[in-house]
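This is structure18.pdb. It holds PDB, C-alpha atoms.
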```
ATOM      1  CA  MET A   1     -85.866  38.320-166.423  1.00  0.00           C
ATOM      2  CA  VAL A   2     -84.379  39.957-169.514  1.00  0.00           C
ATOM      3  CA  ASP A   3     -82.835  37.830-172.206  1.00  0.00           C
ATOM      4  CA  GLU A   4     -80.172  39.200-174.500  1.00  0.00           C
ATOM      5  CA  VAL A   5     -80.875  38.079-178.048  1.00  0.00           C
ATOM      6  CA  PHE A   6     -79.018  38.987-181.225  1.00  0.00           C
ATOM      7  CA  VAL A   7     -79.804  37.648-184.691  1.00  0.00           C
ATOM      8  CA  TYR A   8     -77.262  37.710-187.509  1.00  0.00           C
ATOM      9  CA  ALA A   9     -79.265  37.388-190.729  1.00  0.00           C
ATOM     10  CA  LEU A  10     -79.162  37.688-194.490  1.00  0.00           C
ATOM     11  CA  SER A  11     -81.895  39.664-196.251  1.00  0.00           C
ATOM     12  CA  THR A  12     -82.141  36.872-198.838  1.00  0.00           C
ATOM     13  CA  CYS A  13     -82.739  34.111-196.265  1.00  0.00           C
ATOM     14  CA  PRO A  14     -86.359  33.120-195.498  1.00  0.00           C
ATOM     15  CA  TRP A  15     -85.245  31.190-192.395  1.00  0.00           C
ATOM     16  CA  CYS A  16     -83.705  34.383-191.060  1.00  0.00           C
ATOM     17  CA  ARG A  17     -87.055  36.101-191.559  1.00  0.00           C
ATOM     18  CA  LYS A  18     -88.831  33.192-189.874  1.00  0.00           C
ATOM     19  CA  THR A  19     -86.440  33.478-186.946  1.00  0.00           C
ATOM     20  CA  LYS A  20     -87.127  37.195-186.465  1.00  0.00           C
ATOM     21  CA  GLN A  21     -90.859  36.561-186.899  1.00  0.00           C
ATOM     22  CA  TRP A  22     -90.705  33.881-184.197  1.00  0.00           C
ATOM     23  CA  PHE A  23     -89.158  36.326-181.730  1.00  0.00           C
ATOM     24  CA  ASP A  24     -91.710  38.976-182.748  1.00  0.00           C
ATOM     25  CA  ASP A  25     -94.608  36.548-182.276  1.00  0.00           C
ATOM     26  CA  SER A  26     -93.167  35.427-178.939  1.00  0.00           C
ATOM     27  CA  LYS A  27     -92.858  39.076-177.877  1.00  0.00           C
ATOM     28  CA  ILE A  28     -89.190  38.613-177.074  1.00  0.00           C
ATOM     29  CA  ALA A  29     -87.039  41.683-177.632  1.00  0.00           C
ATOM     30  CA  TYR A  30     -84.010  41.171-179.837  1.00  0.00           C
ATOM     31  CA  GLU A  31     -81.483  43.035-181.891  1.00  0.00           C
ATOM     32  CA  SER A  32     -80.606  41.960-185.391  1.00  0.00           C
ATOM     33  CA  VAL A  33     -78.555  42.823-188.406  1.00  0.00           C
ATOM     34  CA  ASP A  34     -78.977  41.856-192.042  1.00  0.00           C
ATOM     35  CA  VAL A  35     -75.294  41.423-192.759  1.00  0.00           C
ATOM     36  CA  ASP A  36     -75.663  41.811-196.526  1.00  0.00           C
ATOM     37  CA  GLN A  37     -77.501  45.120-196.144  1.00  0.00           C
ATOM     38  CA  LEU A  38     -74.703  46.828-194.227  1.00  0.00           C
ATOM     39  CA  PRO A  39     -72.455  49.355-195.939  1.00  0.00           C
ATOM     40  CA  ASP A  40     -69.449  47.682-197.566  1.00  0.00           C
ATOM     41  CA  ASP A  41     -67.030  48.832-194.883  1.00  0.00           C
ATOM     42  CA  GLU A  42     -69.149  47.237-192.118  1.00  0.00           C
ATOM     43  CA  GLN A  43     -70.234  44.102-193.953  1.00  0.00           C
ATOM     44  CA  ASP A  44     -67.001  42.137-193.670  1.00  0.00           C
ATOM     45  CA  ALA A  45     -66.654  42.756-189.941  1.00  0.00           C
ATOM     46  CA  ALA A  46     -70.250  41.667-189.234  1.00  0.00           C
ATOM     47  CA  ALA A  47     -69.931  38.603-191.464  1.00  0.00           C
ATOM     48  CA  ASP A  48     -66.613  37.633-189.869  1.00  0.00           C
ATOM     49  CA  LYS A  49     -68.186  37.941-186.417  1.00  0.00           C
ATOM     50  CA  ALA A  50     -71.081  35.682-187.440  1.00  0.00           C
ATOM     51  CA  TYR A  51     -68.683  33.157-189.000  1.00  0.00           C
ATOM     52  CA  GLU A  52     -66.482  33.197-185.902  1.00  0.00           C
ATOM     53  CA  LEU A  53     -69.446  32.639-183.590  1.00  0.00           C
ATOM     54  CA  SER A  54     -71.014  29.891-185.667  1.00  0.00           C
ATOM     55  CA  GLY A  55     -67.938  28.166-187.020  1.00  0.00           C
ATOM     56  CA  GLY A  56     -69.395  28.298-190.519  1.00  0.00           C
ATOM     57  CA  ARG A  57     -71.136  30.525-193.028  1.00  0.00           C
ATOM     58  CA  ARG A  58     -74.700  29.430-192.443  1.00  0.00           C
ATOM     59  CA  PHE A  59     -77.441  31.817-191.406  1.00  0.00           C
ATOM     60  CA  PRO A  60     -79.330  32.626-189.259  1.00  0.00           C
ATOM     61  CA  VAL A  61     -76.907  32.823-186.346  1.00  0.00           C
ATOM     62  CA  VAL A  62     -78.754  33.498-183.103  1.00  0.00           C
ATOM     63  CA  VAL A  63     -76.975  34.452-179.889  1.00  0.00           C
ATOM     64  CA  ILE A  64     -79.104  34.055-176.765  1.00  0.00           C
ATOM     65  CA  ASN A  65     -77.463  35.043-173.486  1.00  0.00           C
ATOM     66  CA  GLY A  66     -74.077  34.194-174.981  1.00  0.00           C
ATOM     67  CA  GLU A  67     -75.119  30.823-176.408  1.00  0.00           C
ATOM     68  CA  VAL A  68     -74.892  30.429-180.179  1.00  0.00           C
ATOM     69  CA  ILE A  69     -77.616  28.648-182.146  1.00  0.00           C
ATOM     70  CA  VAL A  70     -77.200  28.150-185.885  1.00  0.00           C
ATOM     71  CA  GLY A  71     -80.389  27.774-187.913  1.00  0.00           C
ATOM     72  CA  PHE A  72     -84.092  28.299-187.306  1.00  0.00           C
ATOM     73  CA  SER A  73     -84.648  26.161-184.245  1.00  0.00           C
ATOM     74  CA  PRO A  74     -87.417  27.331-181.872  1.00  0.00           C
ATOM     75  CA  ASP A  75     -86.856  24.395-179.504  1.00  0.00           C
ATOM     76  CA  LYS A  76     -83.243  25.459-179.023  1.00  0.00           C
ATOM     77  CA  PHE A  77     -84.225  29.108-178.702  1.00  0.00           C
ATOM     78  CA  LEU A  78     -86.542  28.165-175.827  1.00  0.00           C
ATOM     79  CA  GLU A  79     -83.818  26.087-174.170  1.00  0.00           C
ATOM     80  CA  HIS A  80     -81.654  29.166-173.811  1.00  0.00           C
ATOM     81  CA  LEU A  81     -84.272  31.784-172.951  1.00  0.00           C
ATOM     82  CA  LYS A  82     -84.186  32.312-169.203  1.00  0.00           C
ATOM     83  CA  GLY A  83     -87.497  34.133-169.261  1.00  0.00           C
ATOM     84  CA  TRP A  84     -89.066  30.967-170.680  1.00  0.00           C
ATOM     85  CA  GLY A  85     -87.517  28.625-168.133  1.00  0.00           C
ATOM     86  CA  GLY A  86     -84.427  27.789-170.190  1.00  0.00           C
ATOM     87  CA  GLY A  87     -80.868  28.998-169.828  1.00  0.00           C
ATOM     88  CA  ALA A  88     -78.007  27.757-167.691  1.00  0.00           C
TER      89      ALA A  88
ATOM     90  CA  MET B   1     -84.199  37.774-219.463  1.00  0.00           C
ATOM     91  CA  SER B   2     -86.826  38.747-216.898  1.00  0.00           C
ATOM     92  CA  SER B   3     -86.587  37.562-213.302  1.00  0.00           C
ATOM     93  CA  GLU B   4     -89.630  35.336-213.770  1.00  0.00           C
ATOM     94  CA  ALA B   5     -88.122  33.730-216.866  1.00  0.00           C
ATOM     95  CA  ARG B   6     -84.819  33.185-215.081  1.00  0.00           C
ATOM     96  CA  LYS B   7     -86.611  31.586-212.130  1.00  0.00           C
ATOM     97  CA  GLU B   8     -88.301  29.165-214.507  1.00  0.00           C
ATOM     98  CA  SER B   9     -85.039  28.324-216.245  1.00  0.00           C
ATOM     99  CA  LEU B  10     -83.257  27.720-212.940  1.00  0.00           C
ATOM    100  CA  LYS B  11     -86.142  25.509-211.857  1.00  0.00           C
ATOM    101  CA  TYR B  12     -85.901  23.498-215.071  1.00  0.00           C
ATOM    102  CA  LEU B  13     -82.141  23.094-214.694  1.00  0.00           C
ATOM    103  CA  TYR B  14     -82.139  22.297-210.969  1.00  0.00           C
ATOM    104  CA  GLU B  15     -84.786  19.606-211.288  1.00  0.00           C
ATOM    105  CA  ARG B  16     -82.587  17.703-213.709  1.00  0.00           C
ATOM    106  CA  VAL B  17     -79.557  18.022-211.447  1.00  0.00           C
ATOM    107  CA  VAL B  18     -81.053  17.193-208.049  1.00  0.00           C
ATOM    108  CA  THR B  19     -83.347  14.290-208.957  1.00  0.00           C
ATOM    109  CA  PRO B  20     -80.455  11.872-209.629  1.00  0.00           C
ATOM    110  CA  LEU B  21     -79.034  12.956-206.256  1.00  0.00           C
ATOM    111  CA  GLY B  22     -82.213  11.832-204.485  1.00  0.00           C
ATOM    112  CA  PHE B  23     -83.672  15.293-203.926  1.00  0.00           C
ATOM    113  CA  LYS B  24     -86.671  17.265-205.201  1.00  0.00           C
ATOM    114  CA  PHE B  25     -88.052  20.760-204.723  1.00  0.00           C
ATOM    115  CA  THR B  26     -89.691  21.282-201.356  1.00  0.00           C
ATOM    116  CA  PRO B  27     -93.482  20.837-201.552  1.00  0.00           C
ATOM    117  CA  ASP B  28     -93.745  24.328-199.999  1.00  0.00           C
ATOM    118  CA  GLU B  29     -94.324  26.272-203.217  1.00  0.00           C
ATOM    119  CA  GLN B  30     -94.101  29.685-201.546  1.00  0.00           C
ATOM    120  CA  MET B  31     -90.692  28.752-200.149  1.00  0.00           C
ATOM    121  CA  VAL B  32     -89.550  27.637-203.613  1.00  0.00           C
ATOM    122  CA  ASP B  33     -90.679  30.932-205.099  1.00  0.00           C
ATOM    123  CA  ASP B  34     -89.030  33.026-202.353  1.00  0.00           C
ATOM    124  CA  LEU B  35     -85.723  31.167-202.609  1.00  0.00           C
ATOM    125  CA  LEU B  36     -85.579  31.247-206.403  1.00  0.00           C
ATOM    126  CA  GLU B  37     -86.397  34.953-206.330  1.00  0.00           C
ATOM    127  CA  ALA B  38     -83.481  35.490-203.939  1.00  0.00           C
ATOM    128  CA  GLU B  39     -81.159  33.383-206.088  1.00  0.00           C
ATOM    129  CA  VAL B  40     -82.006  35.354-209.217  1.00  0.00           C
ATOM    130  CA  LYS B  41     -81.214  38.573-207.361  1.00  0.00           C
ATOM    131  CA  LEU B  42     -77.927  37.155-206.084  1.00  0.00           C
ATOM    132  CA  GLU B  43     -77.048  36.074-209.595  1.00  0.00           C
ATOM    133  CA  GLN B  44     -77.819  39.545-210.937  1.00  0.00           C
ATOM    134  CA  ASP B  45     -75.833  41.258-208.169  1.00  0.00           C
ATOM    135  CA  LEU B  46     -72.946  38.847-207.658  1.00  0.00           C
ATOM    136  CA  GLY B  47     -72.737  36.722-210.778  1.00  0.00           C
ATOM    137  CA  ALA B  48     -73.961  33.357-209.498  1.00  0.00           C
ATOM    138  CA  PRO B  49     -77.106  31.946-207.832  1.00  0.00           C
ATOM    139  CA  TYR B  50     -75.544  31.508-204.417  1.00  0.00           C
ATOM    140  CA  CYS B  51     -77.414  29.855-201.558  1.00  0.00           C
ATOM    141  CA  PRO B  52     -79.588  32.632-200.076  1.00  0.00           C
ATOM    142  CA  CYS B  53     -78.916  31.366-196.533  1.00  0.00           C
ATOM    143  CA  GLN B  54     -75.133  31.092-196.601  1.00  0.00           C
ATOM    144  CA  GLY B  55     -72.553  33.840-196.580  1.00  0.00           C
ATOM    145  CA  ARG B  56     -69.697  34.169-199.034  1.00  0.00           C
ATOM    146  CA  SER B  57     -66.046  34.280-198.012  1.00  0.00           C
ATOM    147  CA  GLY B  58     -64.640  36.032-201.076  1.00  0.00           C
ATOM    148  CA  VAL B  59     -62.463  32.980-201.775  1.00  0.00           C
ATOM    149  CA  ARG B  60     -63.686  31.658-205.104  1.00  0.00           C
ATOM    150  CA  ALA B  61     -63.020  27.980-204.388  1.00  0.00           C
ATOM    151  CA  GLU B  62     -65.075  28.233-201.195  1.00  0.00           C
ATOM    152  CA  ASP B  63     -67.832  30.352-202.673  1.00  0.00           C
ATOM    153  CA  MET B  64     -68.321  27.932-205.569  1.00  0.00           C
ATOM    154  CA  GLN B  65     -69.357  25.356-202.958  1.00  0.00           C
ATOM    155  CA  ILE B  66     -72.457  27.355-202.099  1.00  0.00           C
ATOM    156  CA  VAL B  67     -73.696  27.920-205.645  1.00  0.00           C
ATOM    157  CA  CYS B  68     -77.101  26.272-205.979  1.00  0.00           C
ATOM    158  CA  PRO B  69     -77.616  23.387-206.107  1.00  0.00           C
ATOM    159  CA  CYS B  70     -74.792  22.873-203.599  1.00  0.00           C
ATOM    160  CA  ILE B  71     -75.869  19.364-202.532  1.00  0.00           C
ATOM    161  CA  PRO B  72     -72.747  17.538-203.826  1.00  0.00           C
ATOM    162  CA  PHE B  73     -70.489  19.658-201.591  1.00  0.00           C
ATOM    163  CA  HIS B  74     -72.522  19.010-198.449  1.00  0.00           C
ATOM    164  CA  ARG B  75     -73.930  15.584-199.170  1.00  0.00           C
ATOM    165  CA  ALA B  76     -73.547  13.895-195.768  1.00  0.00           C
ATOM    166  CA  HIS B  77     -74.907  16.932-193.929  1.00  0.00           C
ATOM    167  CA  PHE B  78     -77.915  17.363-196.218  1.00  0.00           C
ATOM    168  CA  ASP B  79     -78.692  13.647-196.320  1.00  0.00           C
ATOM    169  CA  ALA B  80     -78.761  13.624-192.513  1.00  0.00           C
ATOM    170  CA  MET B  81     -81.246  16.538-192.454  1.00  0.00           C
ATOM    171  CA  LYS B  82     -83.140  15.224-195.512  1.00  0.00           C
ATOM    172  CA  ARG B  83     -83.011  18.780-196.856  1.00  0.00           C
ATOM    173  CA  CYS B  84     -80.465  21.287-198.047  1.00  0.00           C
ATOM    174  CA  TRP B  85     -79.548  24.169-195.760  1.00  0.00           C
ATOM    175  CA  CYS B  86     -81.963  26.720-197.258  1.00  0.00           C
ATOM    176  CA  GLY B  87     -84.687  24.117-197.701  1.00  0.00           C
ATOM    177  CA  LEU B  88     -85.129  24.541-201.443  1.00  0.00           C
ATOM    178  CA  PHE B  89     -84.556  20.809-201.863  1.00  0.00           C
ATOM    179  CA  VAL B  90     -85.683  17.878-199.754  1.00  0.00           C
ATOM    180  CA  HIS B  91     -85.291  14.131-200.047  1.00  0.00           C
ATOM    181  CA  LEU B  92     -87.625  12.508-202.565  1.00  0.00           C
ATOM    182  CA  ASP B  93     -89.724  10.849-199.838  1.00  0.00           C
ATOM    183  CA  VAL B  94     -90.381  14.039-197.832  1.00  0.00           C
ATOM    184  CA  THR B  95     -93.996  15.243-197.731  1.00  0.00           C
ATOM    185  CA  ASP B  96     -93.856  17.492-194.651  1.00  0.00           C
ATOM    186  CA  PRO B  97     -90.847  19.832-194.993  1.00  0.00           C
ATOM    187  CA  ASP B  98     -91.787  21.783-191.852  1.00  0.00           C
ATOM    188  CA  SER B  99     -90.935  18.696-189.802  1.00  0.00           C
ATOM    189  CA  LEU B 100     -87.302  18.752-190.934  1.00  0.00           C
ATOM    190  CA  PRO B 101     -84.869  20.440-188.568  1.00  0.00           C
ATOM    191  CA  GLN B 102     -82.265  22.953-189.735  1.00  0.00           C
ATOM    192  CA  LEU B 103     -79.134  21.745-187.943  1.00  0.00           C
ATOM    193  CA  PRO B 104     -75.477  22.653-188.419  1.00  0.00           C
ATOM    194  CA  PRO B 105     -73.210  19.775-189.552  1.00  0.00           C
ATOM    195  CA  ASP B 106     -71.779  19.095-186.093  1.00  0.00           C
ATOM    196  CA  GLU B 107     -75.267  18.447-184.699  1.00  0.00           C
ATOM    197  CA  VAL B 108     -76.670  15.991-187.226  1.00  0.00           C
TER     198      VAL B 108
END
```

Can you present the structure in this file as structure tokens?
Amino acid sequence: MVDEVFVYALSTCPWCRKTKQWFDDSKIAYESVDVDQLPDDEQDAAADKAYELSGGRRFPVVVINGEVIVGFSPDKFLEHLKGWGGGA
Amino acid sequence: MSSEARKESLKYLYERVVTPLGFKFTPDEQMVDDLLEAEVKLEQDLGAPYCPCQGRSGVRAEDMQIVCPCIPFHRAHFDAMKRCWCGLFVHLDVTDPDSLPQLPPDEV
């Protein structure tokens, strides 16, 4: 079962790095973007998308199979990963 | 001023601001170093030591609320987590910062 995971991150945020490391260590494929490392013309759109999804400006913002999790929270990640027995 | 010197000066300043608020630096010294390093870079690039884990809106009044230490602007949220969002500061009685969850305000 394939999970769709996307991580919105900031390059300055250690919890964003921890989040990506957790997915790496768990051997779960994911896509990610360091919003602040994007070219100027793409940065606002990516940041606005993360803010819209999360309802705030806090990072990391993790989207797992359409569910949004704000913050480094492995327990919540597992809840929403179908391949790990979570998900709807 | 070098980055190392600026980190030390921010540390000196922050300690005096956060202690009366009931917070201290996280006991995780590597985390303190990483976060202060990021703040110094943000200050050099953007003019203020913004929280390394929060995004800016471009609206000055909003962005000033995430300049470190931003505890006074998020007091109820941070008190509920016993840490600030990026984890640079924790409540004075915290000895195990890894046990503290990072939760958005609507979940605390």

Check which residues of chain A sit at most 10 Å from chain B using all atoms listed in the file, and return one row each with the closest pair of atoms and their distance in Å to one decimal, ordered by chain and rising number, as JSON lines.
```
{"residue": "A:Ala9", "atom": "CA", "partner": "B:Cys53", "partner_atom": "CA", "distance": 8.4}
{"residue": "A:Leu10", "atom": "CA", "partner": "B:Cys53", "partner_atom": "CA", "distance": 6.6}
{"residue": "A:Ser11", "atom": "CA", "partner": "B:Pro52", "partner_atom": "CA", "distance": 8.3}
{"residue": "A:Thr12", "atom": "CA", "partner": "B:Pro52", "partner_atom": "CA", "distance": 5.1}
{"residue": "A:Cys13", "atom": "CA", "partner": "B:Cys53", "partner_atom": "CA", "distance": 4.7}
{"residue": "A:Pro14", "atom": "CA", "partner": "B:Asp34", "partner_atom": "CA", "distance": 7.4}
{"residue": "A:Trp15", "atom": "CA", "partner": "B:Cys86", "partner_atom": "CA", "distance": 7.4}
{"residue": "A:Cys16", "atom": "CA", "partner": "B:Cys53", "partner_atom": "CA", "distance": 7.9}
{"residue": "A:Val35", "atom": "CA", "partner": "B:Gly55", "partner_atom": "CA", "distance": 8.9}
{"residue": "A:Asp36", "atom": "CA", "partner": "B:Gly55", "partner_atom": "CA", "distance": 8.6}
{"residue": "A:Asp44", "atom": "CA", "partner": "B:Ser57", "partner_atom": "CA", "distance": 9.0}
{"residue": "A:Ala47", "atom": "CA", "partner": "B:Gly55", "partner_atom": "CA", "distance": 7.5}
{"residue": "A:Asp48", "atom": "CA", "partner": "B:Ser57", "partner_atom": "CA", "distance": 8.8}
{"residue": "A:Ala50", "atom": "CA", "partner": "B:Gly55", "partner_atom": "CA", "distance": 9.4}
{"residue": "A:Tyr51", "atom": "CA", "partner": "B:Gly55", "partner_atom": "CA", "distance": 8.5}
{"residue": "A:Ser54", "atom": "CA", "partner": "B:Pro104", "partner_atom": "CA", "distance": 8.9}
{"residue": "A:Gly55", "atom": "CA", "partner": "B:Pro104", "partner_atom": "CA", "distance": 9.4}
{"residue": "A:Gly56", "atom": "CA", "partner": "B:Pro104", "partner_atom": "CA", "distance": 8.6}
{"residue": "A:Arg57", "atom": "CA", "partner": "B:Gly55", "partner_atom": "CA", "distance": 5.1}
{"residue": "A:Arg58", "atom": "CA", "partner": "B:Gln54", "partner_atom": "CA", "distance": 4.5}
{"residue": "A:Phe59", "atom": "CA", "partner": "B:Cys53", "partner_atom": "CA", "distance": 5.4}
{"residue": "A:Pro60", "atom": "CA", "partner": "B:Cys53", "partner_atom": "CA", "distance": 7.4}
{"residue": "A:Ile69", "atom": "CA", "partner": "B:Pro104", "partner_atom": "CA", "distance": 8.9}
{"residue": "A:Val70", "atom": "CA", "partner": "B:Pro104", "partner_atom": "CA", "distance": 6.3}
{"residue": "A:Gly71", "atom": "CA", "partner": "B:Gln102", "partner_atom": "CA", "distance": 5.5}
{"residue": "A:Phe72", "atom": "CA", "partner": "B:Gln102", "partner_atom": "CA", "distance": 6.1}
{"residue": "A:Ser73", "atom": "CA", "partner": "B:Gln102", "partner_atom": "CA", "distance": 6.8}
{"residue": "A:Pro74", "atom": "CA", "partner": "B:Pro101", "partner_atom": "CA", "distance": 9.9}
```

> Which residues, written as a ChimeraX atom specification, have at least one atom at most 12 Å from Glu15 in chain B, with all atoms listed in the file counted and residues fewer than 4 positions away on the same chain left out?
Replying inline: /B:8-11,19-26,68-69,88-90,92

> For the file shown, what are the residues hit by the PyMOL selection byres ((chain A and resi 78) around 12), laid out as a ChimeraX atom specification?
Replying inline: /A:3,5,22-23,26,28,62,64-65,67,69,72-77,79-88

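Nearest to Leu36 in chain B of all the residues B:Ser2, B:Lys7, B:Tyr50, B:Tyr12 is B:Lys7, counting all atoms listed in the file.
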
Padding of 4 Å on every side, edges along x, y and z, all listed atoms of range 87-103 of chain B included: what centre and edge lengths in Å, to one decimal, does that box have, as lines of an AutoDock Vina configuration file?
```
center_x = -86.6
center_y = 17.7
center_z = -195.3
size_x = 22.9
size_y = 21.7
size_z = 22.6
```

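Reported to one decimal place, the separation of CA of Val7 in chain A from CA of Val61 in chain A is 5.9 Å.
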
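At a cut-off of 9 Å from (-78.5, 16.4, -193.7), the residue set is His74, Arg75, Ala76, His77, Phe78, Asp79, Ala80, Met81, Lys82, Arg83, Cys84, Trp85, Gln102, Leu103, Pro104, Pro105 and Val108 of chain B (counting all atoms listed in the file).
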
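Across the model, the gap from CA of Ala46 in chain A to CA of Lys27 in chain A is 25.4 Å.
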
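CA of Lys49 in chain A to CA of Leu100 in chain B spans 27.5 Å [interatomic distance, one decimal].
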
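The closest residue to Pro72 in chain B, picked from B:Val18, B:Val59, B:Met1, B:Ala48 and counting all atoms listed in the file, is B:Val18.
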